[in-house]
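To be precise, the following lines are coords.pdb, and they hold PDB, C-alpha atoms.
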```pdb
ATOM      1  CA  ASN A   1      12.367  17.084 -10.810
ATOM      2  CA  THR A   2      10.745  13.937 -12.160
ATOM      3  CA  LEU A   3      13.249  11.374 -10.837
ATOM      4  CA  GLU A   4      11.392   8.705  -8.859
ATOM      5  CA  SER A   5      14.111   6.127  -8.099
ATOM      6  CA  LEU A   6      17.848   6.447  -7.416
ATOM      7  CA  ASP A   7      19.865   3.294  -6.682
ATOM      8  CA  ILE A   8      23.634   3.736  -6.262
ATOM      9  CA  GLY A   9      24.200   0.772  -3.959
ATOM     10  CA  TYR A  10      27.393  -1.290  -3.730
ATOM     11  CA  ASN A  11      29.796   1.060  -5.446
ATOM     12  CA  LEU A  12      32.738   3.074  -4.105
ATOM     13  CA  PHE A  13      31.027   6.379  -3.373
ATOM     14  CA  CYS A  14      32.490   8.201  -0.387
ATOM     15  CA  GLY A  15      32.307  11.511   1.451
ATOM     16  CA  LEU A  16      29.132  13.235   2.546
ATOM     17  CA  ILE A  17      25.608  12.377   1.456
ATOM     18  CA  PRO A  18      24.550  15.578  -0.343
ATOM     19  CA  SER A  19      21.684  17.493   1.193
ATOM     20  CA  GLU A  20      20.669  18.472  -2.354
ATOM     21  CA  LEU A  21      18.947  15.082  -2.582
ATOM     22  CA  GLY A  22      16.117  16.760  -0.737
ATOM     23  CA  GLU A  23      15.374  18.740  -3.900
ATOM     24  CA  PHE A  24      14.187  15.664  -5.832
ATOM     25  CA  SER A  25      10.606  16.212  -4.801
ATOM     26  CA  MET A  26       9.177  13.205  -6.679
ATOM     27  CA  LEU A  27      11.739  10.687  -5.389
ATOM     28  CA  GLN A  28      10.193   7.482  -4.055
ATOM     29  CA  VAL A  29      13.230   5.194  -3.727
ATOM     30  CA  LEU A  30      16.694   6.205  -2.506
ATOM     31  CA  ARG A  31      19.174   3.368  -2.109
ATOM     32  CA  GLY A  32      22.898   3.685  -1.427
ATOM     33  CA  PRO A  33      23.944   0.674   0.688
ATOM     34  CA  GLY A  34      27.426  -0.815   0.632
ATOM     35  CA  ASN A  35      29.372   2.321  -0.219
ATOM     36  CA  ASP A  36      31.882   4.315   1.836
ATOM     37  CA  PHE A  37      29.828   7.382   2.668
ATOM     38  CA  PHE A  38      31.189   9.006   5.849
ATOM     39  CA  SER A  39      28.226  11.133   6.719
ATOM     40  CA  THR A  40      25.327  11.988   8.919
ATOM     41  CA  ILE A  41      21.803  11.633   7.536
ATOM     42  CA  PRO A  42      20.908  14.975   5.927
ATOM     43  CA  SER A  43      17.718  16.304   7.469
ATOM     44  CA  ALA A  44      16.837  17.641   4.008
ATOM     45  CA  ILE A  45      15.913  14.089   2.989
ATOM     46  CA  ALA A  46      12.844  14.389   5.213
ATOM     47  CA  ARG A  47      11.464  16.907   2.720
ATOM     48  CA  LEU A  48      10.851  14.034   0.301
ATOM     49  CA  LYS A  49       7.171  13.507   1.041
ATOM     50  CA  HIS A  50       6.819  10.727  -1.554
ATOM     51  CA  LEU A  51       9.850   8.733  -0.415
ATOM     52  CA  ARG A  52       8.932   5.116   0.350
ATOM     53  CA  THR A  53      12.395   3.500   0.631
ATOM     54  CA  LEU A  54      15.518   4.939   2.286
ATOM     55  CA  GLU A  55      18.346   2.393   2.388
ATOM     56  CA  LEU A  56      21.804   3.491   3.601
ATOM     57  CA  SER A  57      23.080   0.345   5.340
ATOM     58  CA  GLU A  58      26.774  -0.557   5.483
ATOM     59  CA  ASN A  59      28.111   2.944   5.070
ATOM     60  CA  ILE A  60      29.807   4.902   7.845
ATOM     61  CA  ILE A  61      26.667   6.764   8.814
ATOM     62  CA  HIS A  62      26.992   8.443  12.199
ATOM     63  CA  GLY A  63      25.439  11.059  14.429
ATOM     64  CA  GLU A  64      21.803  11.259  15.441
ATOM     65  CA  ILE A  65      18.850  10.310  13.266
ATOM     66  CA  PRO A  66      17.122  13.594  12.394
ATOM     67  CA  GLN A  67      13.788  13.920  14.165
ATOM     68  CA  ALA A  68      12.229  14.915  10.839
ATOM     69  CA  ILE A  69      12.709  11.338   9.591
ATOM     70  CA  SER A  70       9.984  10.436  12.117
ATOM     71  CA  GLU A  71       7.555  12.594  10.189
ATOM     72  CA  MET A  72       7.796  11.220   6.641
ATOM     73  CA  PRO A  73       4.267  10.309   5.585
ATOM     74  CA  SER A  74       5.126   7.811   2.822
ATOM     75  CA  LEU A  75       8.204   6.073   4.278
ATOM     76  CA  ARG A  76       7.781   2.284   4.390
ATOM     77  CA  PHE A  77      11.364   0.992   4.474
ATOM     78  CA  PHE A  78      14.161   2.655   6.481
ATOM     79  CA  ALA A  79      17.514   0.910   6.843
ATOM     80  CA  VAL A  80      20.819   2.133   8.266
ATOM     81  CA  ARG A  81      22.126  -1.227   9.475
ATOM     82  CA  ARG A  82      25.801  -1.693  10.459
ATOM     83  CA  GLU A  83      27.054  -5.241  10.807
ATOM     84  CA  GLU A  84      30.306  -5.177   8.838
ATOM     85  CA  LYS A  85      32.044  -1.802   8.727
ATOM     86  CA  SER A  86      33.889  -0.229  11.647
ATOM     87  CA  GLY A  87      33.932   3.450  12.500
ATOM     88  CA  PRO A  88      31.464   5.844  14.139
ATOM     89  CA  ARG A  89      27.826   4.790  14.126
ATOM     90  CA  LEU A  90      24.389   6.210  14.635
ATOM     91  CA  SER A  91      24.062   7.469  18.197
ATOM     92  CA  GLY A  92      21.702   9.395  20.409
ATOM     93  CA  SER A  93      18.200   8.333  21.363
ATOM     94  CA  LEU A  94      15.898   6.159  19.279
ATOM     95  CA  PRO A  95      13.449   8.436  17.445
ATOM     96  CA  LEU A  96       9.755   7.887  18.046
ATOM     97  CA  PHE A  97       8.870   7.250  14.401
ATOM     98  CA  ASP A  98       5.389   8.184  15.591
ATOM     99  CA  LYS A  99       4.329  10.084  12.462
ATOM    100  CA  VAL A 100       5.353   7.525   9.840
ATOM    101  CA  PRO A 101       2.056   5.702   9.281
ATOM    102  CA  GLN A 102       3.333   3.611   6.362
ATOM    103  CA  LEU A 103       6.508   2.348   8.074
ATOM    104  CA  THR A 104       6.701  -1.427   7.675
ATOM    105  CA  TYR A 105      10.409  -2.321   7.866
ATOM    106  CA  LEU A 106      12.953  -0.654  10.165
ATOM    107  CA  TYR A 107      16.589  -1.838  10.166
ATOM    108  CA  LEU A 108      18.897  -0.115  12.682
ATOM    109  CA  GLN A 109      20.972  -3.056  13.913
ATOM    110  CA  GLY A 110      24.601  -2.633  14.924
ATOM    111  CA  ASN A 111      24.569   1.026  15.900
ATOM    112  CA  GLU A 112      25.006   2.892  19.194
ATOM    113  CA  LEU A 113      21.480   4.111  19.821
ATOM    114  CA  GLN A 114      20.946   4.749  23.527
ATOM    115  CA  GLY A 115      18.193   5.235  26.052
ATOM    116  CA  SER A 116      14.819   3.565  26.318
ATOM    117  CA  ILE A 117      12.109   2.776  23.787
ATOM    118  CA  ARG A 118       9.513   5.435  24.509
ATOM    119  CA  SER A 119       5.812   4.630  24.742
ATOM    120  CA  ALA A 120       4.838   6.463  21.529
ATOM    121  CA  PHE A 121       7.345   4.483  19.434
ATOM    122  CA  LEU A 122       5.713   3.482  16.111
ATOM    123  CA  SER A 123       2.341   4.613  17.460
ATOM    124  CA  SER A 124       0.991   5.361  13.971
ATOM    125  CA  SER A 125       2.666   2.441  12.161
ATOM    126  CA  HIS A 126      -0.059  -0.172  12.325
ATOM    127  CA  SER A 127       1.490  -2.117   9.449
ATOM    128  CA  ALA A 128       4.966  -2.483  11.025
ATOM    129  CA  ARG A 129       6.253  -6.015  10.419
ATOM    130  CA  PHE A 130       9.996  -5.950  11.134
ATOM    131  CA  ILE A 131      11.814  -3.797  13.702
ATOM    132  CA  GLY A 132      15.548  -4.469  13.830
ATOM    133  CA  LEU A 133      17.232  -2.902  16.859
ATOM    134  CA  SER A 134      19.779  -5.583  17.739
ATOM    135  CA  SER A 135      23.240  -4.703  19.041
ATOM    136  CA  ASN A 136      22.637  -1.150  20.156
ATOM    137  CA  MET A 137      22.760   0.341  23.667
ATOM    138  CA  ILE A 138      19.037   0.441  24.337
ATOM    139  CA  THR A 139      18.008   0.215  27.990
ATOM    140  CA  GLY A 140      14.847  -0.115  30.055
ATOM    141  CA  THR A 141      11.752  -2.143  29.271
ATOM    142  CA  ILE A 142       9.802  -2.870  26.093
ATOM    143  CA  PRO A 143       6.747  -0.601  26.234
ATOM    144  CA  SER A 144       3.436  -2.412  26.295
ATOM    145  CA  ASP A 145       2.152   0.158  23.807
ATOM    146  CA  LEU A 146       3.694  -2.035  21.084
ATOM    147  CA  LEU A 147       1.192  -4.798  21.795
ATOM    148  CA  PHE A 148      -1.148  -3.275  19.207
ATOM    149  CA  LEU A 149       1.095  -4.611  16.418
ATOM    150  CA  HIS A 150       0.083  -7.825  14.637
ATOM    151  CA  GLY A 151       2.431 -10.356  13.098
ATOM    152  CA  ALA A 152       5.503  -8.311  13.995
ATOM    153  CA  THR A 153       9.117  -9.312  14.502
ATOM    154  CA  ILE A 154      11.142  -7.093  16.834
ATOM    155  CA  GLU A 155      14.808  -7.951  17.291
ATOM    156  CA  LEU A 156      16.321  -6.519  20.469
ATOM    157  CA  ASP A 157      19.141  -8.930  21.277
ATOM    158  CA  GLY A 158      22.455  -7.469  22.336
ATOM    159  CA  ASN A 159      20.986  -4.487  24.199
ATOM    160  CA  LYS A 160      20.368  -3.861  27.900
ATOM    161  CA  ILE A 161      16.680  -4.702  28.079
ATOM    162  CA  GLU A 162      15.480  -5.057  31.657
ATOM    163  CA  GLY A 163      12.016  -6.492  31.161
ATOM    164  CA  PHE A 164       8.715  -6.671  29.317
ATOM    165  CA  SER A 165       5.094  -7.465  30.086
ATOM    166  CA  ASP A 166       3.973 -11.101  30.111
ATOM    167  CA  SER A 167       1.368 -10.038  27.562
ATOM    168  CA  PHE A 168       4.085 -10.149  24.893
ATOM    169  CA  CYS A 169       4.328 -13.884  25.498
ATOM    170  CA  ASP A 170       0.741 -14.215  24.248
ATOM    171  CA  LYS A 171       1.491 -12.589  20.882
ATOM    172  CA  LEU A 172       1.474 -15.932  19.114
ATOM    173  CA  ASP A 173       1.673 -14.384  15.661
ATOM    174  CA  TRP A 174       4.845 -12.444  16.530
ATOM    175  CA  MET A 175       8.446 -13.441  15.772
ATOM    176  CA  ASN A 176       7.474 -15.669  12.838
ATOM    177  CA  GLY A 177       5.491 -17.863  15.211
ATOM    178  CA  TYR A 178       8.389 -18.585  17.569
ATOM    179  CA  ILE A 179       6.500 -17.118  20.520
ATOM    180  CA  ALA A 180       3.803 -19.731  19.884
ATOM    181  CA  THR A 181       6.490 -22.415  20.223
ATOM    182  CA  TYR A 182       8.829 -20.998  22.850
ATOM    183  CA  ARG A 183       6.598 -18.436  24.582
ATOM    184  CA  CYS A 184       8.624 -15.624  26.194
ATOM    185  CA  ASP A 185      11.936 -17.147  25.075
ATOM    186  CA  GLY A 186      10.776 -16.643  21.501
ATOM    187  CA  LEU A 187      11.030 -12.906  22.091
ATOM    188  CA  LEU A 188      14.166 -12.649  24.245
ATOM    189  CA  CYS A 189      16.176 -15.009  26.423
ATOM    190  CA  PRO A 190      15.697 -14.155  30.112
ATOM    191  CA  PRO A 191      18.528 -12.897  32.328
ATOM    192  CA  GLY A 192      20.908 -15.670  33.320
ATOM    193  CA  SER A 193      20.630 -17.343  29.918
ATOM    194  CA  ALA A 194      21.788 -16.744  26.363
ATOM    195  CA  SER A 195      21.450 -17.808  22.754
ATOM    196  CA  PRO A 196      23.497 -16.963  19.648
ATOM    197  CA  ILE A 197      20.587 -14.782  18.477
ATOM    198  CA  GLY A 198      19.345 -13.721  21.923
ATOM    199  CA  ARG A 199      16.111 -15.717  21.667
ATOM    200  CA  SER A 200      14.799 -19.200  20.864
ATOM    201  CA  ALA A 201      14.002 -19.893  17.227
ATOM    202  CA  ASN A 202      14.933 -23.586  16.864
ATOM    203  CA  GLU A 203      16.739 -26.334  18.761
ATOM    204  CA  THR A 204      20.138 -24.884  17.835
ATOM    205  CA  THR A 205      19.341 -21.400  19.062
ATOM    206  CA  LYS A 206      17.312 -22.256  22.164
ATOM    207  CA  CYS A 207      18.021 -20.136  25.221
ATOM    208  CA  LYS A 208      20.370 -21.973  27.568
ATOM    209  CA  GLN A 209      21.213 -21.233  31.181
ATOM    210  CA  CYS A 210      24.635 -19.724  31.778
ATOM    211  CA  ARG A 211      26.893 -21.288  34.377
ATOM    212  CA  ASP A 212      27.593 -17.778  35.611
ATOM    213  CA  PRO A 213      24.184 -16.062  35.698
ATOM    214  CA  ASP A 214      25.823 -12.695  36.390
ATOM    215  CA  ALA A 215      27.407 -12.850  32.932
ATOM    216  CA  SER A 216      24.056 -12.213  31.230
ATOM    217  CA  PRO A 217      22.114  -9.757  33.419
ATOM    218  CA  PHE A 218      19.791  -8.516  30.660
ATOM    219  CA  TYR A 219      17.149  -9.962  28.377
ATOM    220  CA  GLY A 220      18.397 -11.046  24.966
ATOM    221  CA  SER A 221      22.000 -11.928  25.800
ATOM    222  CA  THR A 222      23.903 -13.570  22.950
ATOM    223  CA  SER A 223      26.768 -14.946  25.053
ATOM    224  CA  CYS A 224      27.470 -16.247  28.539
ATOM    225  CA  ASP A 225      30.844 -14.495  28.570
ATOM    226  CA  ARG A 226      31.217 -11.703  31.072
ATOM    227  CA  PRO A 227      31.542  -8.318  29.352
ATOM    228  CA  SER A 228      35.085  -6.993  29.630
ATOM    229  CA  SER A 229      35.798  -3.516  30.914
ATOM    230  CA  GLU A 230      37.983  -1.237  28.828
ATOM    231  CA  ARG A 231      40.738  -1.625  31.410
ATOM    232  CA  ASN A 232      40.651  -5.424  31.235
ATOM    233  CA  ILE A 233      40.881  -5.268  27.453
ATOM    234  CA  LEU A 234      43.955  -3.054  27.659
ATOM    235  CA  VAL A 235      45.561  -5.253  30.336
ATOM    236  CA  ASN A 236      45.034  -8.321  28.147
ATOM    237  CA  LEU A 237      46.613  -6.444  25.237
ATOM    238  CA  TYR A 238      49.583  -5.509  27.428
ATOM    239  CA  VAL A 239      50.120  -9.125  28.470
ATOM    240  CA  ALA A 240      49.632 -10.554  24.972
ATOM    241  CA  LEU A 241      52.209  -8.142  23.512
ATOM    242  CA  ASP A 242      54.776  -8.721  26.297
ATOM    243  CA  GLY A 243      54.330  -5.260  27.747
ATOM    244  CA  ASN A 244      56.894  -5.846  30.512
ATOM    245  CA  ASN A 245      59.597  -5.638  27.881
ATOM    246  CA  TRP A 246      58.337  -2.501  26.137
ATOM    247  CA  PHE A 247      60.766   0.415  26.045
ATOM    248  CA  ARG A 248      58.057   2.605  27.577
ATOM    249  CA  ASN A 249      55.391   0.907  29.692
ATOM    250  CA  ASP A 250      54.785   3.624  32.265
ATOM    251  CA  PHE A 251      51.416   3.495  34.045
ATOM    252  CA  TRP A 252      50.013   0.603  31.995
ATOM    253  CA  LEU A 253      49.112  -1.530  35.027
ATOM    254  CA  THR A 254      48.254   1.271  37.423
ATOM    255  CA  LYS A 255      44.661   1.722  38.603
TER     256      LYS A 255
END
```
Transcribe the structure of this file into structure tokens.
Amino acid sequence: NTLESLDIGYNLFCGLIPSELGEFSMLQVLRGPGNDFFSTIPSAIARLKHLRTLELSENIIHGEIPQAISEMPSLRFFAVRREEKSGPRLSGSLPLFDKVPQLTYLYLQGNELQGSIRSAFLSSSHSARFIGLSSNMITGTIPSDLLFLHGATIELDGNKIEGFSDSFCDKLDWMNGYIATYRCDGLLCPPGSASPIGRSANETTKCKQCRDPDASPFYGSTSCDRPSSERNILVNLYVALDGNNWFRNDFWLTK
């Protein structure tokens, strides 16, 4: 097993990601973005102690991230981003990634990761530079334990973040320098306001107050539109498709 790099990105591969990949003991780079894999992440991949890059974005990767991924000593780049393809997504809690000392780039945008960011998150990753967690279901506050990072960018827009310490607003080297310009807004727009990217980065994307402050109750809102409930979505569908004239419309407008 002397293979060190395997790049099969942007093809038409589908089905499961084979757990046998964990047998390539010398593998350093594993890239397979832009395919049609319908799979969980095989925990066997965590056996690859030399792996530096694991890139599986824009596949239909679902289920929980194996805890063992948080214990890969050489991993620097981990990406399972979903911004284009529909279907089931990564779910469950956000792993700690507390035993990945080389981790520098983490891309998990557009999934369904839930729960809070725990205090030990990235605790060994002193070189972390980019942490992409946008558009998940993360709740709670940003732990102050992350203040040890230098020059980092952490994207958390589109979640349900409830707060963070004012000390983050003094991290002038964070967010590509936007905190130095926009202070706290350079990290996340406050409740009652919104921006297309959930924070201020230039005059076009500056956080702006919403006319209806209740429409953006969390930090990092990307829209001033009130979130629709599942029932409201279905009612709107019923009206748009002239549901009153359907052959069977029983119970559609009942509560």
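One finds atom CA of Glu84 of chain A at 22.4 Å from atom CA of Pro42 of chain A.
Put simply, atom CA of Pro213 of chain A is 17.8 Å away from atom CA of Ser200 of chain A.
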Please provide the set of residues having any atom within 9 Å of Lys160 of chain A, restricted to all atoms listed in the file, with same-chain residues fewer than 2 positions apart removed, written as a list in words.
Asn136, Met137, Ile138, Thr139, Gly140, Thr141, Leu156, Asp157, Gly158, Glu162, Pro217, Phe218, Tyr219, Gly220 and Ser221 of chain A
Run through the PyMOL selection byres ((chain A and resi 127) around 8) on the given coordinates and return the selected residues as a ChimeraX atom specification.
/A:101-104,125-126,128-129,149-150
Just say which residues the PyMOL selection byres ((chain A and resi 202) around 12) picks in this file, as a ChimeraX atom specification.
/A:176-179,181-182,185-186,195-201,203-207
Using the chain letters and residue numbers of this document, give as JSON, numbers by chain the residues selected by the PyMOL selection byres ((chain A and resi 118) around 9).
{"A": [94, 95, 96, 115, 116, 117, 119, 120, 121, 142, 143]}
Write out, as a PDB file, in the frame of the given file, the residues just selected, with C-alpha atoms.
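Full text of again34.pdb as output:
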```pdb
ATOM      1  CA  LEU A  94      15.898   6.159  19.279  1.00  0.00           C
ATOM      2  CA  PRO A  95      13.449   8.436  17.445  1.00  0.00           C
ATOM      3  CA  LEU A  96       9.755   7.887  18.046  1.00  0.00           C
ATOM      4  CA  GLY A 115      18.193   5.235  26.052  1.00  0.00           C
ATOM      5  CA  SER A 116      14.819   3.565  26.318  1.00  0.00           C
ATOM      6  CA  ILE A 117      12.109   2.776  23.787  1.00  0.00           C
ATOM      7  CA  SER A 119       5.812   4.630  24.742  1.00  0.00           C
ATOM      8  CA  ALA A 120       4.838   6.463  21.529  1.00  0.00           C
ATOM      9  CA  PHE A 121       7.345   4.483  19.434  1.00  0.00           C
ATOM     10  CA  ILE A 142       9.802  -2.870  26.093  1.00  0.00           C
ATOM     11  CA  PRO A 143       6.747  -0.601  26.234  1.00  0.00           C
TER      12      PRO A 143
END
```
For a quick check of understanding, using all atoms listed in the file, which of A:Ala44, A:Leu27, A:Val239, A:Ile161 has the smallest distance to Pro190 of chain A?
A:Ile161
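Checking A:Gly163, A:Gly132, A:Gly63, A:Pro88 one by one against Tyr105 of chain A, counting all atoms listed in the file, you find the shortest gap at A:Gly132.
Of the listed residues A:Ile45, A:Cys224, A:Ala240, A:Leu90, the one whose atoms come nearest to Gln109 of chain A is A:Leu90, with distances taken using only C-alpha atoms.
With only the atoms specified (only C-alpha atoms) counting, those residues at most 6 Å away from (5.6, 10.5, -0.4) are Lys49, His50, Leu51 and Ser74 of chain A.
Neighbouring residues of segment 165-174 of chain A at 7 Å or closer, counting all atoms listed in the file and skipping chain neighbours under 4 positions away, are Ser144, Leu147, His150, Gly151, Ala152, Thr153, Ile179, Ala180, Arg183 and Cys184 of chain A.
Note that atom CA of Leu6 of chain A and atom CA of Ser135 of chain A are 29.2 Å apart.
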Enclosing box along x, y and z for every listed atom of segment 89-95 of chain A, padded 5 Å each side, centre and size in Å, one decimal, as JSON:
```
{"center_x": 20.6, "center_y": 7.1, "center_z": 17.7, "size_x": 24.4, "size_y": 14.6, "size_z": 17.2}
```
Anything within 8 Å of (15.1, 16.2, -8.7): list those residues as a ChimeraX atom specification, counting all atoms listed in the file and sticking to the file's coordinates.
/A:1-3,21,23-27
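Considering the residues A:Cys210, A:Ile65, A:Leu12, A:Met175 and counting all atoms listed in the file, Ser223 of chain A has its shortest atom-to-atom contact with A:Cys210.
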Would you pick out the contacts of Pro33 of chain A at 8 Å or less, using only C-alpha atoms, so that residues sharing its chain but fewer than 2 positions from it are not included, and give the list as a PDB file with C-alpha atoms, keeping the file's coordinate frame?
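Result went into result_32.pdb, see below:
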```
ATOM      1  CA  ILE A   8      23.634   3.736  -6.262  1.00  0.00           C
ATOM      2  CA  GLY A   9      24.200   0.772  -3.959  1.00  0.00           C
ATOM      3  CA  TYR A  10      27.393  -1.290  -3.730  1.00  0.00           C
ATOM      4  CA  ARG A  31      19.174   3.368  -2.109  1.00  0.00           C
ATOM      5  CA  ASN A  35      29.372   2.321  -0.219  1.00  0.00           C
ATOM      6  CA  GLU A  55      18.346   2.393   2.388  1.00  0.00           C
ATOM      7  CA  LEU A  56      21.804   3.491   3.601  1.00  0.00           C
ATOM      8  CA  SER A  57      23.080   0.345   5.340  1.00  0.00           C
ATOM      9  CA  GLU A  58      26.774  -0.557   5.483  1.00  0.00           C
ATOM     10  CA  ASN A  59      28.111   2.944   5.070  1.00  0.00           C
TER      11      ASN A  59
END
```
